[in-house]
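So this one's target.tsv, TSV, C-alpha atoms:
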chain	number	residue	atom	x	y	z
A	1300	MET	CA	141.89	111.11	75.00
A	1301	SER	CA	140.77	108.78	72.27
A	1302	LEU	CA	137.29	107.32	72.31
A	1303	SER	CA	137.48	103.70	73.31
A	1304	PRO	CA	134.54	102.13	75.14
A	1305	THR	CA	135.21	100.89	78.65
A	1306	VAL	CA	133.43	97.59	79.11
A	1307	PRO	CA	133.13	96.53	82.75
A	1308	ARG	CA	132.42	93.05	83.89
A	1309	ARG	CA	128.77	92.60	84.78
A	1310	ALA	CA	128.80	91.78	88.48
A	1311	ALA	CA	126.44	89.26	89.95
A	1312	SER	CA	124.62	90.99	92.77
A	1313	PRO	CA	125.25	89.84	96.34
A	1314	ALA	CA	121.48	89.98	96.79
A	1315	SER	CA	120.90	87.55	93.94
A	1316	ARG	CA	122.75	84.73	95.67
A	1317	ARG	CA	123.31	83.83	99.32
A	1318	ARG	CA	123.62	86.58	101.87
A	1319	PRO	CA	127.36	87.30	102.09
A	1320	SER	CA	129.27	88.78	104.98
A	1321	PRO	CA	129.98	92.51	104.50
A	1322	ASN	CA	133.71	91.94	104.03
A	1323	ALA	CA	133.17	89.21	101.47
A	1324	ALA	CA	130.67	91.35	99.60
A	1325	ARG	CA	133.10	94.25	99.51
A	1326	ASN	CA	135.93	92.12	98.14
A	1327	VAL	CA	133.76	90.54	95.46
A	1328	VAL	CA	132.29	93.85	94.32
A	1329	VAL	CA	135.63	95.66	94.16
A	1330	GLY	CA	137.06	92.86	92.04
A	1331	LEU	CA	134.11	92.70	89.69
A	1332	MET	CA	134.01	96.45	89.22
A	1333	THR	CA	137.50	96.39	87.66
A	1334	SER	CA	137.06	97.09	83.97
A	1335	VAL	CA	139.06	96.53	80.82
A	1336	THR	CA	139.27	98.80	77.83
A	1337	LEU	CA	138.18	97.22	74.59
A	1338	LEU	CA	135.86	97.71	71.66
A	1339	ALA	CA	132.79	95.58	72.16
A	1340	ALA	CA	132.16	93.31	69.33
A	1341	ALA	CA	128.89	91.93	69.39
A	1342	ALA	CA	126.31	89.93	67.94
A	1343	SER	CA	123.36	92.19	68.25
A	1344	PRO	CA	120.30	91.51	70.33
A	1345	ALA	CA	116.92	91.47	68.72
A	1346	ALA	CA	115.72	94.86	67.55
A	1347	ALA	CA	113.35	96.79	69.78
A	1348	ASP	CA	109.97	95.20	70.18
A	1349	GLN	CA	107.56	97.75	68.75
A	1350	SER	CA	104.90	96.43	71.13
A	1351	TRP	CA	106.70	98.66	73.66
A	1352	PHE	CA	104.86	101.56	72.07
A	1353	PRO	CA	102.75	103.57	72.43
A	1354	PHE	CA	104.16	104.08	75.93
A	1355	LYS	CA	102.27	106.17	78.49
A	1356	VAL	CA	104.28	109.18	79.70
A	1357	TYR	CA	103.89	112.74	80.87
A	1358	ASP	CA	104.66	115.33	78.21
A	1359	SER	CA	106.23	118.08	80.34
A	1360	SER	CA	107.46	120.16	77.41
A	1361	SER	CA	105.29	123.13	78.44
A	1362	GLY	CA	106.28	122.90	82.10
A	1363	THR	CA	102.98	121.32	83.09
A	1364	PRO	CA	102.95	117.50	82.90
A	1365	LYS	CA	100.22	116.18	80.62
A	1366	PRO	CA	99.47	112.47	80.06
A	1367	ALA	CA	100.50	111.38	76.57
A	1368	ASP	CA	101.29	108.32	74.48
A	1369	TYR	CA	104.84	108.20	73.13
A	1370	THR	CA	105.36	106.56	69.72
A	1371	PRO	CA	108.76	106.69	67.97
A	1372	LEU	CA	109.49	107.09	64.28
A	1373	ALA	CA	109.58	103.82	62.38
A	1374	LYS	CA	113.06	104.47	60.97
A	1375	ALA	CA	115.64	107.23	60.54
A	1376	ASP	CA	115.97	108.83	57.09
A	1377	LYS	CA	119.72	108.10	57.10
A	1378	PRO	CA	122.15	105.93	59.12
A	1379	TYR	CA	123.16	108.73	61.50
A	1380	THR	CA	125.80	108.27	64.20
A	1381	LEU	CA	124.84	108.70	67.84
A	1382	CYS	CA	127.40	109.10	70.63
A	1383	VAL	CA	126.09	107.96	74.03
A	1384	LEU	CA	127.60	108.79	77.44
A	1385	PHE	CA	126.70	107.05	80.72
A	1386	PRO	CA	127.94	107.70	84.28
A	1387	HIS	CA	128.80	104.00	84.64
A	1388	MET	CA	127.65	100.46	83.86
A	1389	LYS	CA	128.03	99.05	87.36
A	1390	ASP	CA	124.53	97.71	87.73
A	1391	SER	CA	121.61	96.32	85.79
A	1392	PHE	CA	119.78	99.67	85.89
A	1393	TRP	CA	122.19	101.30	83.40
A	1394	VAL	CA	122.40	98.01	81.52
A	1395	ALA	CA	118.61	98.34	81.05
A	1396	VAL	CA	118.96	101.90	79.68
A	1397	ALA	CA	121.68	100.61	77.35
A	1398	TYR	CA	119.42	97.81	76.16
A	1399	GLY	CA	116.73	100.31	75.23
A	1400	ILE	CA	119.25	102.46	73.35
A	1401	VAL	CA	120.85	99.55	71.49
A	1402	SER	CA	117.52	97.99	70.55
A	1403	GLN	CA	116.03	101.26	69.30
A	1404	ALA	CA	119.21	102.15	67.38
A	1405	GLN	CA	118.92	98.83	65.57
A	1406	THR	CA	115.23	99.33	64.89
A	1407	MET	CA	115.79	102.83	63.47
A	1408	ASN	CA	118.97	101.72	61.62
A	1409	VAL	CA	121.42	104.23	63.07
A	1410	ASN	CA	125.01	103.84	64.23
A	1411	MET	CA	125.66	104.09	67.96
A	1412	ASN	CA	128.74	104.14	70.19
A	1413	LEU	CA	128.35	104.07	73.98
A	1414	TYR	CA	130.95	105.13	76.56
A	1415	GLU	CA	130.84	105.15	80.35
A	1416	ALA	CA	132.80	107.21	82.87
A	1417	GLY	CA	133.23	104.60	85.58
A	1418	GLY	CA	131.23	106.30	88.36
A	1419	TYR	CA	129.62	109.50	89.60
A	1420	GLU	CA	132.94	110.73	90.95
A	1421	ASN	CA	134.33	110.89	87.41
A	1422	LEU	CA	132.81	114.10	86.00
A	1423	PRO	CA	136.17	115.16	84.41
A	1424	LYS	CA	136.18	111.90	82.43
A	1425	GLN	CA	132.63	112.46	81.18
A	1426	LEU	CA	133.53	116.02	80.16
A	1427	SER	CA	136.48	114.65	78.19
A	1428	GLN	CA	134.29	111.99	76.59
A	1429	PHE	CA	131.79	114.69	75.61
A	1430	ASP	CA	134.61	116.60	73.88
A	1431	ASP	CA	135.56	113.43	72.02
A	1432	CYS	CA	131.95	112.89	70.93
A	1433	MET	CA	131.89	116.38	69.41
A	1434	ALA	CA	135.25	115.87	67.72
A	1435	SER	CA	134.30	112.45	66.32
A	1436	GLY	CA	131.64	113.86	63.99
A	1437	ALA	CA	128.63	112.43	65.83
A	1438	ASP	CA	125.30	113.61	64.47
A	1439	ALA	CA	123.84	113.74	67.99
A	1440	ILE	CA	124.87	113.04	71.58
A	1441	ILE	CA	122.79	111.24	74.22
A	1442	VAL	CA	124.02	111.79	77.77
A	1443	GLY	CA	123.15	110.35	81.16
A	1444	ALA	CA	124.69	113.30	82.97
A	1445	ILE	CA	126.86	112.82	86.02
A	1446	SER	CA	126.04	116.45	86.82
A	1447	GLY	CA	123.65	118.56	84.77
A	1448	ALA	CA	125.18	121.77	86.09
A	1449	GLY	CA	128.68	120.45	85.47
A	1450	LEU	CA	127.90	119.76	81.81
A	1451	MET	CA	126.17	123.06	80.99
A	1452	LYS	CA	129.24	124.54	79.28
A	1453	LYS	CA	129.55	121.44	77.09
A	1454	PHE	CA	125.88	121.68	76.17
A	1455	GLU	CA	126.47	125.24	75.00
A	1456	GLU	CA	129.51	124.19	72.96
A	1457	ALA	CA	127.53	121.41	71.27
A	1458	LYS	CA	124.73	123.85	70.45
A	1459	ALA	CA	127.25	126.26	68.89
A	1460	LYS	CA	128.55	123.40	66.72
A	1461	GLY	CA	125.02	122.43	65.65
A	1462	ILE	CA	125.15	119.04	67.43
A	1463	PRO	CA	121.84	118.18	69.12
A	1464	VAL	CA	122.09	116.70	72.63
A	1465	VAL	CA	119.48	114.59	74.42
A	1466	GLY	CA	119.48	114.01	78.18
A	1467	VAL	CA	118.50	110.53	79.37
A	1468	THR	CA	117.51	109.22	82.82
A	1469	ASN	CA	119.34	111.80	84.98
A	1470	PRO	CA	117.80	115.25	85.64
A	1471	LEU	CA	119.05	118.48	84.08
A	1472	PRO	CA	118.58	122.19	84.74
A	1473	PRO	CA	115.38	123.53	83.12
A	1474	ASN	CA	115.69	124.04	79.35
A	1475	ALA	CA	119.31	122.87	79.40
A	1476	LEU	CA	118.78	120.81	76.24
A	1477	PRO	CA	116.40	120.71	73.27
A	1478	ALA	CA	115.17	117.28	74.40
A	1479	ALA	CA	115.42	115.03	77.44
A	1480	ASN	CA	113.60	112.24	79.19
A	1481	TYR	CA	113.74	111.44	82.88
A	1482	VAL	CA	111.24	110.75	85.63
A	1483	ASP	CA	110.04	113.37	88.10
A	1484	PHE	CA	112.43	112.24	90.83
A	1485	VAL	CA	110.59	114.02	93.63
A	1486	ALA	CA	107.42	112.18	92.63
A	1487	MET	CA	109.33	108.90	92.36
A	1488	GLY	CA	110.76	109.36	95.84
A	1489	ALA	CA	107.26	110.12	97.07
A	1490	VAL	CA	105.76	106.89	95.73
A	1491	THR	CA	108.33	104.89	97.71
A	1492	GLY	CA	107.47	106.85	100.86
A	1493	GLU	CA	103.78	106.20	100.29
A	1494	GLY	CA	104.55	102.54	99.64
A	1495	LEU	CA	106.41	102.31	102.95
A	1496	LEU	CA	103.54	103.89	104.87
A	1497	ALA	CA	101.03	101.59	103.15
A	1498	GLN	CA	102.87	98.58	104.61
A	1499	THR	CA	103.25	100.08	108.10
A	1500	LYS	CA	100.93	99.14	110.97
A	1501	PRO	CA	99.06	101.97	112.74
A	1502	GLY	CA	101.23	103.43	115.50
A	1503	GLU	CA	104.35	101.57	114.35
A	1504	LYS	CA	107.51	103.66	114.79
A	1505	LEU	CA	109.72	104.10	111.73
A	1506	ASN	CA	113.30	105.14	112.49
A	1507	ILE	CA	114.74	105.73	109.04
A	1508	VAL	CA	118.19	106.34	107.63
A	1509	THR	CA	118.23	107.36	103.96
A	1510	PHE	CA	120.99	106.54	101.47
A	1511	PRO	CA	119.86	108.63	98.46
A	1512	GLY	CA	122.93	108.29	96.18
A	1513	PRO	CA	125.75	110.62	95.12
A	1514	ALA	CA	125.58	114.20	96.40
A	1515	GLY	CA	125.43	116.70	93.56
A	1516	SER	CA	123.81	114.30	91.10
A	1517	GLY	CA	120.46	116.08	91.35
A	1518	TRP	CA	118.40	112.91	91.24
A	1519	ALA	CA	119.64	111.71	94.64
A	1520	GLU	CA	118.60	114.92	96.35
A	1521	SER	CA	115.22	114.88	94.56
A	1522	PHE	CA	114.52	111.25	95.48
A	1523	ASN	CA	115.31	112.11	99.09
A	1524	GLU	CA	113.09	115.20	99.03
A	1525	GLY	CA	110.08	113.31	97.69
A	1526	PHE	CA	110.52	110.45	100.15
A	1527	LYS	CA	110.77	112.79	103.14
A	1528	LYS	CA	107.68	114.71	102.07
A	1529	ALA	CA	105.66	111.50	101.82
A	1530	ILE	CA	106.70	109.99	105.15
A	1531	ALA	CA	106.15	113.35	106.93
A	1532	LYS	CA	102.44	112.46	106.82
A	1533	ASP	CA	103.06	109.89	109.58
A	1534	PRO	CA	104.03	111.38	112.96
A	1535	ASN	CA	105.63	108.05	113.92
A	1536	ALA	CA	108.13	108.26	111.05
A	1537	LYS	CA	111.47	109.89	111.84
A	1538	ILE	CA	114.58	110.48	109.71
A	1539	LEU	CA	117.62	109.68	111.87
A	1540	GLY	CA	120.23	110.48	109.21
A	1541	GLU	CA	120.97	110.97	105.50
A	1542	LYS	CA	124.05	109.30	103.99
A	1543	PHE	CA	125.04	110.32	100.46
A	1544	GLY	CA	127.58	108.34	98.43
A	1545	ASP	CA	128.41	106.76	95.06
A	1546	THR	CA	126.05	104.01	93.95
A	1547	GLY	CA	128.64	101.25	93.97
A	1548	VAL	CA	127.70	98.37	96.28
A	1549	ALA	CA	131.06	98.56	98.08
A	1550	VAL	CA	130.58	102.26	98.93
A	1551	GLN	CA	127.02	101.69	100.08
A	1552	LEU	CA	128.04	98.70	102.19
A	1553	GLN	CA	130.49	100.85	104.14
A	1554	LEU	CA	127.85	103.55	104.69
A	1555	ILE	CA	125.37	100.96	105.95
A	1556	GLN	CA	127.89	99.36	108.31
A	1557	ASP	CA	128.64	102.81	109.73
A	1558	ALA	CA	124.92	103.55	110.13
A	1559	LEU	CA	124.31	100.27	111.96
A	1560	GLN	CA	126.85	101.43	114.53
A	1561	ALA	CA	125.75	105.08	114.66
A	1562	TYR	CA	121.98	104.50	114.75
A	1563	PRO	CA	121.14	101.45	116.89
A	1564	ASP	CA	117.43	102.41	116.75
A	1565	MET	CA	117.37	102.36	112.92
A	1566	ASN	CA	114.66	100.01	111.65
A	1567	VAL	CA	114.25	101.22	108.06
A	1568	ILE	CA	116.93	101.49	105.37
A	1569	TRP	CA	115.76	103.45	102.32
A	1570	GLY	CA	118.03	104.22	99.38
A	1571	SER	CA	119.32	103.31	95.97
A	1572	ALA	CA	119.18	99.82	94.53
A	1573	PRO	CA	122.88	99.17	95.35
A	1574	THR	CA	122.10	100.36	98.91
A	1575	ALA	CA	119.42	97.71	99.21
A	1576	GLU	CA	121.73	95.08	97.70
A	1577	ALA	CA	124.40	95.85	100.28
A	1578	ALA	CA	121.88	96.15	103.11
A	1579	ILE	CA	120.53	92.62	102.71
A	1580	GLY	CA	123.85	91.04	103.63
A	1581	ALA	CA	124.82	93.67	106.20
A	1582	VAL	CA	121.51	93.42	108.07
A	1583	ALA	CA	121.69	89.62	108.12
A	1584	GLU	CA	125.29	89.75	109.38
A	1585	ALA	CA	124.22	92.12	112.18
A	1586	GLY	CA	121.28	89.90	113.14
A	1587	ARG	CA	118.85	92.78	112.56
A	1588	GLN	CA	115.85	91.02	111.06
A	1589	ASP	CA	113.71	93.90	112.36
A	1590	ILE	CA	115.12	96.29	109.74
A	1591	LYS	CA	112.96	96.96	106.67
A	1592	ILE	CA	114.74	97.64	103.37
A	1593	MET	CA	113.30	99.69	100.53
A	1594	SER	CA	114.81	100.74	97.19
A	1595	SER	CA	114.18	104.04	95.44
A	1596	TYR	CA	114.64	102.46	92.02
A	1597	GLU	CA	114.88	99.19	90.16
A	1598	ASN	CA	117.45	96.68	88.99
A	1599	GLN	CA	117.49	92.90	88.59
A	1600	ALA	CA	118.68	92.37	92.14
A	1601	MET	CA	115.70	94.35	93.45
A	1602	LEU	CA	113.24	92.17	91.57
A	1603	ASP	CA	114.93	89.03	92.90
A	1604	ALA	CA	115.07	90.45	96.44
A	1605	LEU	CA	111.40	91.44	96.34
A	1606	ASN	CA	110.38	87.97	95.20
A	1607	ARG	CA	112.42	86.46	98.07
A	1608	GLY	CA	110.95	88.86	100.62
A	1609	ASP	CA	114.29	90.51	101.39
A	1610	ILE	CA	113.00	94.01	100.56
A	1611	LEU	CA	109.66	95.70	101.03
A	1612	ALA	CA	109.33	97.36	97.60
A	1613	PHE	CA	111.11	99.33	94.89
A	1614	ALA	CA	110.11	102.07	92.47
A	1615	THR	CA	110.42	101.94	88.69
A	1616	GLN	CA	110.93	104.59	86.04
A	1617	TYR	CA	111.05	102.12	83.10
A	1618	PRO	CA	114.73	102.55	82.12
A	1619	VAL	CA	114.50	100.44	78.96
A	1620	ALA	CA	111.81	102.77	77.64
A	1621	GLU	CA	113.92	105.80	78.58
A	1622	GLY	CA	116.81	104.51	76.48
A	1623	ALA	CA	114.60	103.80	73.48
A	1624	ILE	CA	112.88	107.19	73.69
A	1625	ALA	CA	116.26	108.98	73.84
A	1626	VAL	CA	117.27	107.48	70.49
A	1627	ASP	CA	114.00	108.58	68.90
A	1628	GLN	CA	114.37	112.09	70.37
A	1629	ALA	CA	117.90	112.32	68.95
A	1630	VAL	CA	116.79	111.27	65.47
A	1631	ARG	CA	113.87	113.72	65.54
A	1632	LEU	CA	116.25	116.55	66.46
A	1633	ILE	CA	118.67	115.62	63.67
A	1634	GLU	CA	115.83	115.50	61.14
A	1635	LYS	CA	114.17	118.63	62.55
A	1636	LYS	CA	110.93	116.78	63.18
A	1637	PRO	CA	108.47	117.47	66.03
A	1638	VAL	CA	109.84	116.25	69.36
A	1639	MET	CA	108.60	116.22	72.94
A	1640	SER	CA	111.26	118.32	74.64
A	1641	LEU	CA	110.71	116.75	78.08
A	1642	VAL	CA	109.31	113.24	78.39
A	1643	GLN	CA	108.68	111.90	81.89
A	1644	PRO	CA	107.76	108.26	82.57
A	1645	MET	CA	105.03	107.67	85.15
A	1646	ALA	CA	106.81	106.34	88.25
A	1647	ALA	CA	105.25	103.43	90.10
A	1648	VAL	CA	106.02	101.57	93.32
A	1649	ILE	CA	106.37	97.82	92.94
A	1650	ASP	CA	105.65	95.44	95.81
A	1651	LYS	CA	104.54	91.81	95.93
A	1652	THR	CA	100.97	92.78	95.04
A	1653	THR	CA	101.88	94.84	91.97
A	1654	VAL	CA	104.89	92.97	90.54
A	1655	PRO	CA	102.73	90.51	88.52
A	1656	LYS	CA	101.36	93.49	86.54
A	1657	LEU	CA	104.80	94.98	85.78
A	1658	GLN	CA	105.70	95.31	82.08
A	1659	MET	CA	109.14	93.79	82.67
A	1660	ASP	CA	110.53	94.30	79.16
A	1661	LEU	CA	110.41	98.06	79.77
A	1662	VAL	CA	112.16	97.77	83.14
A	1663	LEU	CA	115.07	95.34	82.71
A	1664	ALA	CA	117.17	93.93	79.90
A	1665	PRO	CA	116.73	90.20	79.25
A	1666	ALA	CA	118.86	88.14	81.64
A	1667	SER	CA	120.72	86.61	78.67
A	1668	TRP	CA	121.64	89.99	77.15
A	1669	THR	CA	125.27	91.11	77.24
A	1670	PRO	CA	125.83	94.90	76.95
A	1671	VAL	CA	126.60	96.07	73.42
A	1672	TYR	CA	128.67	99.24	73.11
A	1673	SER	CA	128.56	99.67	69.36
A	1674	VAL	CA	125.76	99.36	66.80
A	1675	LYS	CA	126.46	99.50	63.06
A	1676	ALA	CA	123.68	100.50	60.71
A	1677	LYS	CA	122.94	98.08	57.89
Full structure transcribed into structure tokens:
Amino acid sequence: MSLSPTVPRRAASPASRRRPSPNAARNVVVGLMTSVTLLAAAASPAAADQSWFPFKVYDSSSGTPKPADYTPLAKADKPYTLCVLFPHMKDSFWVAVAYGIVSQAQTMNVNMNLYEAGGYENLPKQLSQFDDCMASGADAIIVGAISGAGLMKKFEEAKAKGIPVVGVTNPLPPNALPAANYVDFVAMGAVTGEGLLAQTKPGEKLNIVTFPGPAGSGWAESFNEGFKKAIAKDPNAKILGEKFGDTGVAVQLQLIQDALQAYPDMNVIWGSAPTAEAAIGAVAEAGRQDIKIMSSYENQAMLDALNRGDILAFATQYPVAEGAIAVDQAVRLIEKKPVMSLVQPMAAVIDKTTVPKLQMDLVLAPASWTPVYSVKAK
């Protein structure tokens, strides 16, 4: 296949407007998720704000996380070309990672082309896009892996061709790549569990169904593991079921509707940001105001929902910063300069008491920003 970016429409979240009925939400989301193939032209956003850095992270290069300050290079030595692969661009989370990548590519004056596979069920498409990145003459590849294990052969092929690869946001097998940055997903799941318990009254029963995300992604299982470990500290907390599925709102809505029927005692919904988006409308439609909703990660809809009181809390891994760091890691590898081989942002749980302190420009792209799929060096 030829490399042509797929630019989806940016859907307005059901949670960001009125609470829709489940059927209406499904129809809207399915329509908005339809994408068209085109090359994004684009007036570029402002270059990365260097006040982002230094950014506090864990340097886990040695296997033991150590607090560190991350500061990128000021500029690349040459206008290299980076090829970037994402699982999808269905929500504002991946838009935030893209914003960090685009902004840092502009700041460092490198070329960048970004492609997305359309969803976590599309590993064959991402494998094909990876082949095209290698064939296109890219100086480095940045990949948000649909499946770390599924891409291992491609990583080996890139290494044999001398093309450095950087993993961004999604977890990978140990030492799979010369550089990567992603949060400790078990720890991130744990902070949401601790956040839930912190807002639970003594003796209150928690009957929880989890909606971690797509099975086989790695991060979904790790989120779930960390959350379960944290809530196990409370004998009144019980996991009724675990429902894995793609992180499209339509898919999550169906899973939630099924769970409302299967688990009448459910009073906590914990899962991905699209899960929480779908749950707000579904819970309202079912007349279940007793159900608490909590998100394992951030997007714009989660911030809006938290401010409205529709969800209890969400966790953040600072996706804008992850995107920017990935560009710097790629340039360092190309130029054979020192690089942190595994950078891990410090996950935090955000509720109404902590949201005023959140460094929002490292979490979400500006509301006015339209995704840019191509950056041309000057």
Shell around region 1488-1490 of chain A at 8 Å using all atoms listed in the file, local window under 2 positions removed, as a list in words: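 Counting all atoms listed in the file, the residues come to Phe1484, Val1485, Ala1486, Gly1492, Glu1493, Gly1494, Ser1521, Phe1522, Asn1523, Glu1524, Gly1525, Phe1526, Lys1527, Lys1528, Ala1529, Ser1595, Ala1614, Ala1646, Ala1647 and Val1648 of chain A.
For the set A:Ala1395, A:Val1619, A:Val1467, A:Val1409, the residue with the smallest atom-to-atom gap to Ala1479 (chain A) is A:Val1467, counting all atoms listed in the file.
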Contacts between region 1445-1448 of chain A and region 1453-1485 of chain A, please, where a residue of region 1453-1485 of chain A counts if it comes within 8 Å (with all atoms listed in the file); show its shortest atom pair and distance in Å to one decimal, rows by chain and ascending number, as a tab-separated table.
residue	atom	partner	partner_atom	distance
A:Asn1469	CA	A:Ile1445	CA	7.7
A:Pro1470	CA	A:Gly1447	CA	6.8
A:Leu1471	CA	A:Gly1447	CA	4.7
A:Pro1472	CA	A:Gly1447	CA	6.2
Could you please give me, as an NGL selection string, the residues of protein, DNA or RNA lying at most 9 Å from (120.5, 101.7, 91.6) in the coordinate frame of the file, considering only C-alpha atoms? :A and (1390-1393 or 1512 or 1546-1547 or 1570-1575 or 1594-1598 or 1601)
List every residue of region 1434-1551 of chain A that has an atom at most 10 Å from any atom of region 1623-1626 of chain A, and for each one report the closest atom pair and its distance in Å to one decimal, counting only C-alpha atoms, with rows sorted by chain and then by increasing residue number, as a tab-separated table.
residue	atom	partner	partner_atom	distance
A:Ala1439	CA	A:Val1626	CA	9.4
A:Ile1440	CA	A:Val1626	CA	9.5
A:Ile1441	CA	A:Ala1625	CA	6.9
A:Val1442	CA	A:Ala1625	CA	9.1
A:Val1464	CA	A:Ala1625	CA	9.7
A:Val1465	CA	A:Ala1625	CA	6.5
A:Gly1466	CA	A:Ala1625	CA	7.4
A:Val1467	CA	A:Ala1625	CA	6.2
A:Thr1468	CA	A:Ala1625	CA	9.1
A:Ala1478	CA	A:Ala1625	CA	8.4
A:Ala1479	CA	A:Ala1625	CA	7.1
A:Asn1480	CA	A:Ala1625	CA	6.8
A:Tyr1481	CA	A:Ala1625	CA	9.7
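For the atom pair formed by CA of Leu1641 (chain A) and CA of Ala1457 (chain A), the distance is 18.7 Å, given to one decimal.
Proximity ranking of A:Lys1542, A:Phe1510, A:Gln1616, A:Gly1586 relative to Trp1569 (chain A) places A:Phe1510 first, based on all atoms listed in the file.
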CA of Ala1404 (chain A) to CA of Val1654 (chain A): how many Å, to one decimal? 28.7 Å
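Atom pair CA of Lys1537 (chain A) / CA of Val1567 (chain A) has a distance of 9.9 Å (rounded to one decimal).
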Mind checking which residues fall within 12 Å of Asp1589 (chain A), counting all atoms listed in the file, ignoring those fewer than 2 positions away in the same chain, and posting them as a PyMOL selection string? chain A and resi 1504-1506+1563-1568+1579+1582-1583+1585-1587+1591-1592+1609-1610
Quick one: of A:Gln1405, A:Arg1607, A:Lys1389, A:Phe1354, who's nearest to Ala1549 (chain A), counting only C-alpha atoms? A:Lys1389
Selected residue, from A:Gly1622, A:Pro1366, A:Gly1443, A:Pro1463, that lies nearest to Thr1380 (chain A) when counting all atoms listed in the file: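 Looking at the shortest contact to Thr1380 (chain A), the residue is A:Pro1463.
With distances restricted to all atoms listed in the file, A:Met1487 is the closest residue to Ala1519 (chain A) from A:Cys1432, A:Val1638, A:Met1487, A:Ala1437.
The closest residue to Thr1653 (chain A), picked from A:Leu1632, A:Leu1450, A:Leu1611, A:Leu1496 and counting only C-alpha atoms, is A:Leu1611.
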Excluding same-chain residues fewer than 2 positions from Leu1426 (chain A), what lies within 10 Å of it counting all atoms listed in the file, as JSON, numbers by chain? {"A": [1384, 1416, 1421, 1422, 1423, 1424, 1428, 1429, 1430, 1431, 1432, 1444, 1445, 1449, 1450, 1452, 1453]}
